[in-house]
Every structure is written in structure tokens, then in C-alpha cells.
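> Quick one: the structure is below, and I'll ask about it shortly.
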Amino acid sequence: MMNIVFAGGGTGGHIYPGLAVVDELRKKLDVENAGKYRIIWIGSKNKLDKDIVDKSGSIDKFVGIPCGKLRRYFSFKNLVDFFKIAAGFISAFFILLKYKPVMLFSKGGFVSVPPCFAAKALRIPVFTHECDFSPGLATRLNSRCATKILVSFEKTKSFFSGAKANKVVVSGNPVRPVFYEADSEKGLKFLGLENKGEAGGHEKPILLVLGGSLGAVQINNLIYDNIDWLCQNFIVVHQTGKADIDRFTELKSSHDGYHPYPFIYGEMPDVMVAADVVLSRAGSNFLWECSVTGRPLVLIPLAGSGTRGDQVENARFFESQGAAKVLTGEDVTAEKLKTVLSELENAEIRKNLSENVRKMSQESRPALTIANLMFDEIQRRIGHN
């Protein structure tokens, strides 16, 4: 039995793209190796990681390891987390020793670092992927162990030098296959808007508001404070996050055209292509999903002391390509938001944004590109054995 290990977790953003690669890799392996291989996922011990992986149905076995957060600043928590990281390395080492995988793919996040270093110690090839414009600390560490360093943006190559630069491959960011197959009619049906515009009168564009599975307080407050204006000009579909759904449910009965949801999972690709404008944070995985679906974007990136600024970098890069409108810092106000959204009521402006967003995706699927690279490495390893 041939084993292949994927590592990543802590957030869905460090899992979903890896699952997209798994789907493409399985298609290639099944041609000649059906039933002769097993895919194992190493993630954190928190319930979120296991739930996402198990729900995908793509992974044969999930193994959780201890993990500590990697911080660039002084904190007494670093001392405790140092021991968690050490425990994670020991756990990962014996997991890899037990299953003897032909290779390991890392999607990043702090949980991926111990498996990458354990793989290096055991001379197991490591592919590591960075989704953001600039590499995070986990990727910088994992790159020391990597056979190949996969990045989403061409300009990200400039962050690596020397021997590491020769390992960099611009692959794009993996997107789940369902986003390529999304159906706007299914999305409208899910939202109960399949008859949108038939009653006559002005057909309002659909504004999809997203803040991640947990919601985004800043974005939610903007929506709450401006719900009257928003519903006058848009049909608003709002993923609030589970913690904030109650106060927004109260608004539904008094605001025609307002549709709050705590979380949209399986239907999200269809809902996204049904939308005319998407208002959201600027996580890289989400941006690439929007690129595949060609949705006009208004981005309010997560900023401040609690982040390394990766979302601001991602948003500004998309903005520089004419693929997004961005509000950050002092521009995150009700008036600025109304100004930007008012512009996007114009169908021609939305069309131009949509075309530029779609150009951000490569012609080939990034998940397939990565799967091909992995398949070639696996074939080399099998040949050597």
C-alpha cells in the first residue's frame, strides 16, 4: 500500500485548497493504482480540522497532532507553544515513520511545520504551498524542508533567493472543482430568487456579503448600520457567521430583499455565481474562488495588529489589476461603502471588473497543475524503490 500525506490546518483556508489537490491527484492515481494507495491527512487536534476533512470524503485517514502557534512577537505563550511544537514534531515523526509515505504535501498553517521538518529528517520529499502574495512564517520555515515551493502569484517568487529560488513553481492557488462547475440557476433556487425580476419593476443586483464561517464583526456592523440603504439598492444575501445570526434574523421580516444565513457551505459556489457583486474580506483562497467564478469584488481586508497584513497585500494586488475595489483603514466608512456600491449598480462597470477578476486565474487549474507535479514525483519515487 502506497501512502501519501497531506498536512495543514488551523483554518479552513489551510485545508480546502489541499482537498482540491487531493481530488485531482486521486483521478490520476486511480488510472493505474486504484485501491493501491492511501491518502492521510495530518492536522491539528481541534474538531474543526477533522470535521472539514471528514466531510470532504476524500481522505482515507485523519491524524491529529499537538500544535503551537508561531508568533513573531514576544509572548509568554511562546514558551508553552514551544513544547507543543516539539510534541507535534515527535508525533509527526512517528506517524511518518509508521506509514512511510512516498511524499508529503503541506498547505501551510502552523500545524504543517512539524510534519515538514519530520519529513525532512526522514528524507521524504516535501511540496509546500503558499496562497498569499507574501509568504507567511510557516511557509518560510517549511521552505527549508521543501523539494518544491509552490506559490500563487508570479511576484511571490521574489521573496525567495539562493537555492530556494530554484525550487519555486508558480502554480496558482488550488480551488475546489465545484467552483468550476457552479450553476447560477441553482444558486438562485437555493436563495428562493429563481423568479427574480419577474414581478416587474427595477431588478436589483444581488450583493453577496461574506465574512468567513465565523463572520466578520467589522463587515457585519457596516451591514447592520446601513441595512435600509442596502435593501433599497440591492438584494442582500448575507453570510453572518453563526455567532451573529440572531440579530440579523430580526431584520429579515422588516427588510424586503434581505436574506441572512449563518453559513453557506455546499451551495456557496452556486450562490457566488448567482451574485452580481461580492463584498468580503481578502483571504487568498476566497479571492481565487472569486477569480474562477468571475465575480466583481469589493474587499475590506482584515488589518491591524492581529494580522501580518497578508489580506491587505492580497487586496491591493487585485486592485492593481483592476479586479477589485478596496476599502481599508480610514476608508472603511458607511459613506465610502455606499459610494463604491453605487458605482457597481452600473452593469457595465460590473462587467469590466468581472473580466479583470477572471483574468487573475490561470488557464489551467492550479489544483491539477500541483497534482501533476506530485504525480511525477511519486512516479520517480516508485521507480527508485
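Every chain in the C-alpha cells has a letter given in the order shown (A, B, ...), and although residue numbers restart at 1 in each chain, ligands are simply numbered from 1 in the order shown.
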Give me the residues near Arg350 in chain A as a ChimeraX atom specification, where near means some atom within 8 Å (using only C-alpha atoms) and where sequence neighbours in that chain fewer than 6 positions away do not count.
/A:276-277,296,344
> With only C-alpha atoms as the counted atoms, please give the residues lying no more than 9 Å from range 185-194 of chain A, apart from itself and same-chain residues fewer than 3 positions off, as a PDB file with N, CA, C and O atoms, in the first residue's frame.

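So around_0.pdb came out as:
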```
ATOM      1  N   ALA A 182     -19.941  25.594 -11.060  1.00  0.00           N
ATOM      2  CA  ALA A 182     -21.020  26.308 -10.387  1.00  0.00           C
ATOM      3  C   ALA A 182     -22.120  26.710 -11.359  1.00  0.00           C
ATOM      4  O   ALA A 182     -21.861  27.036 -12.521  1.00  0.00           O
ATOM      5  N   GLY A 197     -37.096  39.365 -10.583  1.00  0.00           N
ATOM      6  CA  GLY A 197     -37.346  40.322 -11.661  1.00  0.00           C
ATOM      7  C   GLY A 197     -38.629  40.081 -12.411  1.00  0.00           C
ATOM      8  O   GLY A 197     -39.072  40.938 -13.173  1.00  0.00           O
ATOM      9  N   VAL A 237     -27.704  39.181   0.173  1.00  0.00           N
ATOM     10  CA  VAL A 237     -27.520  37.829   0.697  1.00  0.00           C
ATOM     11  C   VAL A 237     -26.318  37.897   1.633  1.00  0.00           C
ATOM     12  O   VAL A 237     -25.210  38.212   1.208  1.00  0.00           O
ATOM     13  N   HIS A 259     -31.564  38.567   2.956  1.00  0.00           N
ATOM     14  CA  HIS A 259     -31.521  37.119   3.154  1.00  0.00           C
ATOM     15  C   HIS A 259     -30.292  36.740   3.986  1.00  0.00           C
ATOM     16  O   HIS A 259     -29.206  36.543   3.438  1.00  0.00           O
ATOM     17  N   GLU A 267     -23.614  24.919  -1.053  1.00  0.00           N
ATOM     18  CA  GLU A 267     -24.253  25.739  -2.082  1.00  0.00           C
ATOM     19  C   GLU A 267     -23.461  26.990  -2.441  1.00  0.00           C
ATOM     20  O   GLU A 267     -23.844  27.725  -3.361  1.00  0.00           O
ATOM     21  N   MET A 268     -22.345  27.246  -1.732  1.00  0.00           N
ATOM     22  CA  MET A 268     -21.623  28.503  -1.920  1.00  0.00           C
ATOM     23  C   MET A 268     -21.177  28.758  -3.367  1.00  0.00           C
ATOM     24  O   MET A 268     -21.319  29.874  -3.870  1.00  0.00           O
ATOM     25  N   PRO A 269     -20.600  27.771  -4.088  1.00  0.00           N
ATOM     26  CA  PRO A 269     -20.200  28.054  -5.471  1.00  0.00           C
ATOM     27  C   PRO A 269     -21.365  28.537  -6.333  1.00  0.00           C
ATOM     28  O   PRO A 269     -21.222  29.494  -7.110  1.00  0.00           O
ATOM     29  N   ASP A 270     -22.536  27.886  -6.198  1.00  0.00           N
ATOM     30  CA  ASP A 270     -23.704  28.278  -6.976  1.00  0.00           C
ATOM     31  C   ASP A 270     -24.214  29.656  -6.562  1.00  0.00           C
ATOM     32  O   ASP A 270     -24.611  30.462  -7.408  1.00  0.00           O
ATOM     33  N   VAL A 271     -24.210  29.929  -5.260  1.00  0.00           N
ATOM     34  CA  VAL A 271     -24.636  31.243  -4.765  1.00  0.00           C
ATOM     35  C   VAL A 271     -23.694  32.326  -5.259  1.00  0.00           C
ATOM     36  O   VAL A 271     -24.118  33.420  -5.653  1.00  0.00           O
ATOM     37  N   MET A 272     -22.403  32.025  -5.280  1.00  0.00           N
ATOM     38  CA  MET A 272     -21.425  33.021  -5.699  1.00  0.00           C
ATOM     39  C   MET A 272     -21.624  33.430  -7.158  1.00  0.00           C
ATOM     40  O   MET A 272     -21.591  34.616  -7.487  1.00  0.00           O
ATOM     41  N   VAL A 273     -21.831  32.454  -8.038  1.00  0.00           N
ATOM     42  CA  VAL A 273     -22.001  32.810  -9.451  1.00  0.00           C
ATOM     43  C   VAL A 273     -23.349  33.467  -9.711  1.00  0.00           C
ATOM     44  O   VAL A 273     -23.536  34.132 -10.739  1.00  0.00           O
ATOM     45  N   ALA A 274     -24.296  33.289  -8.779  1.00  0.00           N
ATOM     46  CA  ALA A 274     -25.593  33.949  -8.912  1.00  0.00           C
ATOM     47  C   ALA A 274     -25.522  35.415  -8.495  1.00  0.00           C
ATOM     48  O   ALA A 274     -26.384  36.231  -8.885  1.00  0.00           O
ATOM     49  N   ALA A 275     -24.506  35.778  -7.725  1.00  0.00           N
ATOM     50  CA  ALA A 275     -24.374  37.152  -7.230  1.00  0.00           C
ATOM     51  C   ALA A 275     -23.838  38.084  -8.311  1.00  0.00           C
ATOM     52  O   ALA A 275     -23.113  37.670  -9.209  1.00  0.00           O
TER      53      ALA A 275
END
```
> Please determine, counting only C-alpha atoms, which residue among A:Ser143, A:Glu32, A:Val217, A:Phe179 has the shortest atom-to-atom distance to Asn166 in chain A.
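The answer is A:Ser143, which sits nearest to Asn166 in chain A.
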> Which neighbours of Ile382 in chain A fall inside 12 Å, counting only C-alpha atoms, when residues of the same chain fewer than 3 positions from it are skipped, and could you give them as a PyMOL selection string?
chain A and resi 1-3+33+101-103+375-379+385
> Quick one: residues within 12 Å of Ala20 in chain A, only C-alpha atoms, excluding same-chain residues fewer than 3 positions away - as a VMD selection string?
chain A and resid 6 13 to 17 23 to 27 53 56 to 59 107 173 to 180 285 289 365 to 371
> Write a file of the just-selected residues containing N, CA, C and O atoms, as a CSV table (one decimal), in the first residue's frame.

```csv
chain,number,residue,atom,x,y,z
A,6,PHE,N,-0.9,14.6,3.4
A,6,PHE,CA,-1.1,16.0,3.3
A,6,PHE,C,-1.1,16.6,4.7
A,6,PHE,O,-1.6,15.9,5.6
A,13,GLY,N,-9.0,27.7,5.4
A,13,GLY,CA,-8.1,28.2,4.3
A,13,GLY,C,-6.8,27.3,4.1
A,13,GLY,O,-6.2,27.4,3.1
A,14,HIS,N,-6.5,26.6,5.2
A,14,HIS,CA,-5.3,25.7,5.1
A,14,HIS,C,-5.7,24.3,4.9
A,14,HIS,O,-4.9,23.4,4.9
A,15,ILE,N,-7.0,24.1,4.6
A,15,ILE,CA,-7.5,22.7,4.3
A,15,ILE,C,-8.1,22.6,2.9
A,15,ILE,O,-7.8,21.7,2.2
A,16,TYR,N,-9.1,23.5,2.7
A,16,TYR,CA,-9.9,23.3,1.4
A,16,TYR,C,-9.0,23.3,0.1
A,16,TYR,O,-9.2,22.4,-0.7
A,17,PRO,N,-8.0,24.1,0.0
A,17,PRO,CA,-7.1,24.0,-1.2
A,17,PRO,C,-6.4,22.7,-1.3
A,17,PRO,O,-6.2,22.1,-2.4
A,23,ASP,N,-8.4,15.8,-4.7
A,23,ASP,CA,-9.4,15.4,-5.7
A,23,ASP,C,-8.8,15.1,-7.1
A,23,ASP,O,-9.1,14.1,-7.8
A,24,GLU,N,-7.9,16.0,-7.5
A,24,GLU,CA,-7.2,15.9,-8.8
A,24,GLU,C,-6.2,14.8,-8.8
A,24,GLU,O,-6.0,14.0,-9.8
A,25,LEU,N,-5.5,14.6,-7.7
A,25,LEU,CA,-4.5,13.6,-7.6
A,25,LEU,C,-5.1,12.2,-7.6
A,25,LEU,O,-4.6,11.3,-8.3
A,26,ARG,N,-6.2,12.1,-7.0
A,26,ARG,CA,-6.9,10.8,-7.0
A,26,ARG,C,-7.3,10.3,-8.4
A,26,ARG,O,-7.2,9.1,-8.8
A,27,LYS,N,-7.7,11.3,-9.2
A,27,LYS,CA,-8.1,11.0,-10.6
A,27,LYS,C,-6.9,10.4,-11.4
A,27,LYS,O,-7.1,9.4,-12.1
A,53,VAL,N,-12.2,17.8,7.1
A,53,VAL,CA,-11.5,16.7,6.3
A,53,VAL,C,-12.5,15.5,6.2
A,53,VAL,O,-12.6,15.0,5.1
A,56,SER,N,-15.3,16.0,3.6
A,56,SER,CA,-14.9,16.0,2.2
A,56,SER,C,-15.1,14.7,1.6
A,56,SER,O,-15.4,14.5,0.4
A,57,GLY,N,-14.9,13.6,2.4
A,57,GLY,CA,-15.0,12.3,1.9
A,57,GLY,C,-13.8,11.9,1.0
A,57,GLY,O,-13.8,10.8,0.4
A,58,SER,N,-12.8,12.7,1.0
A,58,SER,CA,-11.6,12.5,0.1
A,58,SER,C,-10.4,11.8,0.8
A,58,SER,O,-9.5,11.4,0.1
A,59,ILE,N,-10.4,11.8,2.1
A,59,ILE,CA,-9.3,11.4,2.8
A,59,ILE,C,-9.5,10.0,3.5
A,59,ILE,O,-10.6,9.8,4.1
A,107,LYS,N,0.0,22.4,3.0
A,107,LYS,CA,-0.8,23.6,2.6
A,107,LYS,C,-0.6,24.7,3.5
A,107,LYS,O,-1.1,25.8,3.3
A,173,ASN,N,-3.4,29.2,-7.0
A,173,ASN,CA,-3.9,28.6,-5.8
A,173,ASN,C,-5.0,27.6,-6.1
A,173,ASN,O,-5.9,27.9,-6.8
A,174,PRO,N,-4.9,26.4,-5.5
A,174,PRO,CA,-5.9,25.4,-5.8
A,174,PRO,C,-7.3,25.8,-5.4
A,174,PRO,O,-7.5,26.3,-4.3
A,175,VAL,N,-8.3,25.5,-6.2
A,175,VAL,CA,-9.7,25.8,-6.0
A,175,VAL,C,-10.5,24.5,-6.2
A,175,VAL,O,-10.2,23.8,-7.1
A,176,ARG,N,-11.4,24.3,-5.3
A,176,ARG,CA,-12.2,23.1,-5.4
A,176,ARG,C,-12.9,23.0,-6.7
A,176,ARG,O,-13.4,24.0,-7.2
A,177,PRO,N,-13.0,21.8,-7.3
A,177,PRO,CA,-13.6,21.6,-8.6
A,177,PRO,C,-15.0,22.1,-8.7
A,177,PRO,O,-15.4,22.5,-9.8
A,178,VAL,N,-15.8,22.1,-7.6
A,178,VAL,CA,-17.2,22.6,-7.6
A,178,VAL,C,-17.3,24.0,-8.1
A,178,VAL,O,-18.3,24.4,-8.6
A,179,PHE,N,-16.3,24.8,-7.9
A,179,PHE,CA,-16.3,26.2,-8.3
A,179,PHE,C,-16.3,26.4,-9.8
A,179,PHE,O,-16.8,27.3,-10.4
A,180,TYR,N,-15.6,25.4,-10.5
A,180,TYR,CA,-15.6,25.4,-11.9
A,180,TYR,C,-16.9,25.0,-12.5
A,180,TYR,O,-17.2,25.2,-13.7
A,285,ASN,N,-7.5,32.3,-0.6
A,285,ASN,CA,-8.3,31.2,-1.1
A,285,ASN,C,-9.7,31.7,-1.7
A,285,ASN,O,-10.1,31.3,-2.7
A,289,GLU,N,-11.2,31.7,-5.6
A,289,GLU,CA,-12.5,31.2,-5.9
A,289,GLU,C,-13.3,32.2,-6.7
A,289,GLU,O,-14.0,31.9,-7.6
A,365,ARG,N,-6.1,24.5,-14.4
A,365,ARG,CA,-6.5,24.5,-13.0
A,365,ARG,C,-5.3,24.4,-12.1
A,365,ARG,O,-4.5,23.4,-12.2
A,366,PRO,N,-5.1,25.3,-11.1
A,366,PRO,CA,-3.9,25.1,-10.2
A,366,PRO,C,-3.9,23.8,-9.5
A,366,PRO,O,-2.8,23.2,-9.3
A,367,ALA,N,-5.0,23.3,-9.0
A,367,ALA,CA,-5.0,22.0,-8.3
A,367,ALA,C,-4.5,20.9,-9.2
A,367,ALA,O,-3.8,20.0,-8.8
A,368,LEU,N,-4.9,21.0,-10.5
A,368,LEU,CA,-4.4,20.0,-11.5
A,368,LEU,C,-2.9,20.1,-11.7
A,368,LEU,O,-2.2,19.1,-11.8
A,369,THR,N,-2.5,21.4,-11.8
A,369,THR,CA,-1.0,21.6,-12.0
A,369,THR,C,-0.2,21.0,-10.9
A,369,THR,O,0.8,20.3,-11.1
A,370,ILE,N,-0.7,21.2,-9.7
A,370,ILE,CA,0.0,20.7,-8.5
A,370,ILE,C,-0.1,19.2,-8.5
A,370,ILE,O,0.9,18.5,-8.2
A,371,ALA,N,-1.2,18.6,-8.8
A,371,ALA,CA,-1.4,17.2,-8.8
A,371,ALA,C,-0.5,16.5,-9.8
A,371,ALA,O,0.1,15.5,-9.5
```
> Pick the closest to Gly172 in chain A from A:Ile39, A:Leu150, A:Ala34, A:Leu48: which is it, counting only C-alpha atoms?
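Distance minimum relative to Gly172 in chain A lands on A:Leu150.
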> Which is closest to Pro262 in chain A among A:Val278, A:Ile245, A:Leu373, A:Ile300, if we use only C-alpha atoms?
A:Ile245
> Range 312-373 of chain A: which residues are alpha helix (DSSP H) by DSSP, as a VMD selection string?
chain A and resid 312 to 320 334 to 343 347 to 359 366 to 373
> Can you work out which one of A:Arg308, A:Lys359, A:Arg316, A:Lys204 has the shortest atom-to-atom distance to Leu137 in chain A, counting only C-alpha atoms?
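Counting only C-alpha atoms, the residue closest to Leu137 in chain A is A:Arg308.
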> From the set A:Lys242, A:His129, A:Ser184, A:Arg380, which residue has the shortest atom-to-atom contact distance to Val168 in chain A, counting only C-alpha atoms?
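Nearest to Val168 in chain A: A:His129.
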> Would you work out the distance separating CA of Gly18 in chain A from CA of Ser106 in chain A, expressed in Å to one decimal?
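Interatomic distance, CA of Gly18 in chain A to CA of Ser106 in chain A: 7.9 Å.
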> So, with only C-alpha atoms as the atoms that count, which of A:Ile219, A:Leu327, A:Ile4, A:Leu299 lies closest to Leu287 in chain A?
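Selected residue with least distance to Leu287 in chain A: A:Leu299.
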> Can you tell me which residues surround Pro205 in chain A at a distance of at most 7 Å, considering only C-alpha atoms, apart from same-chain residues fewer than 6 positions away, and format the answer as a list of chain:residue names?
A:Phe234, A:Ile235, A:Asp276, A:Glu345
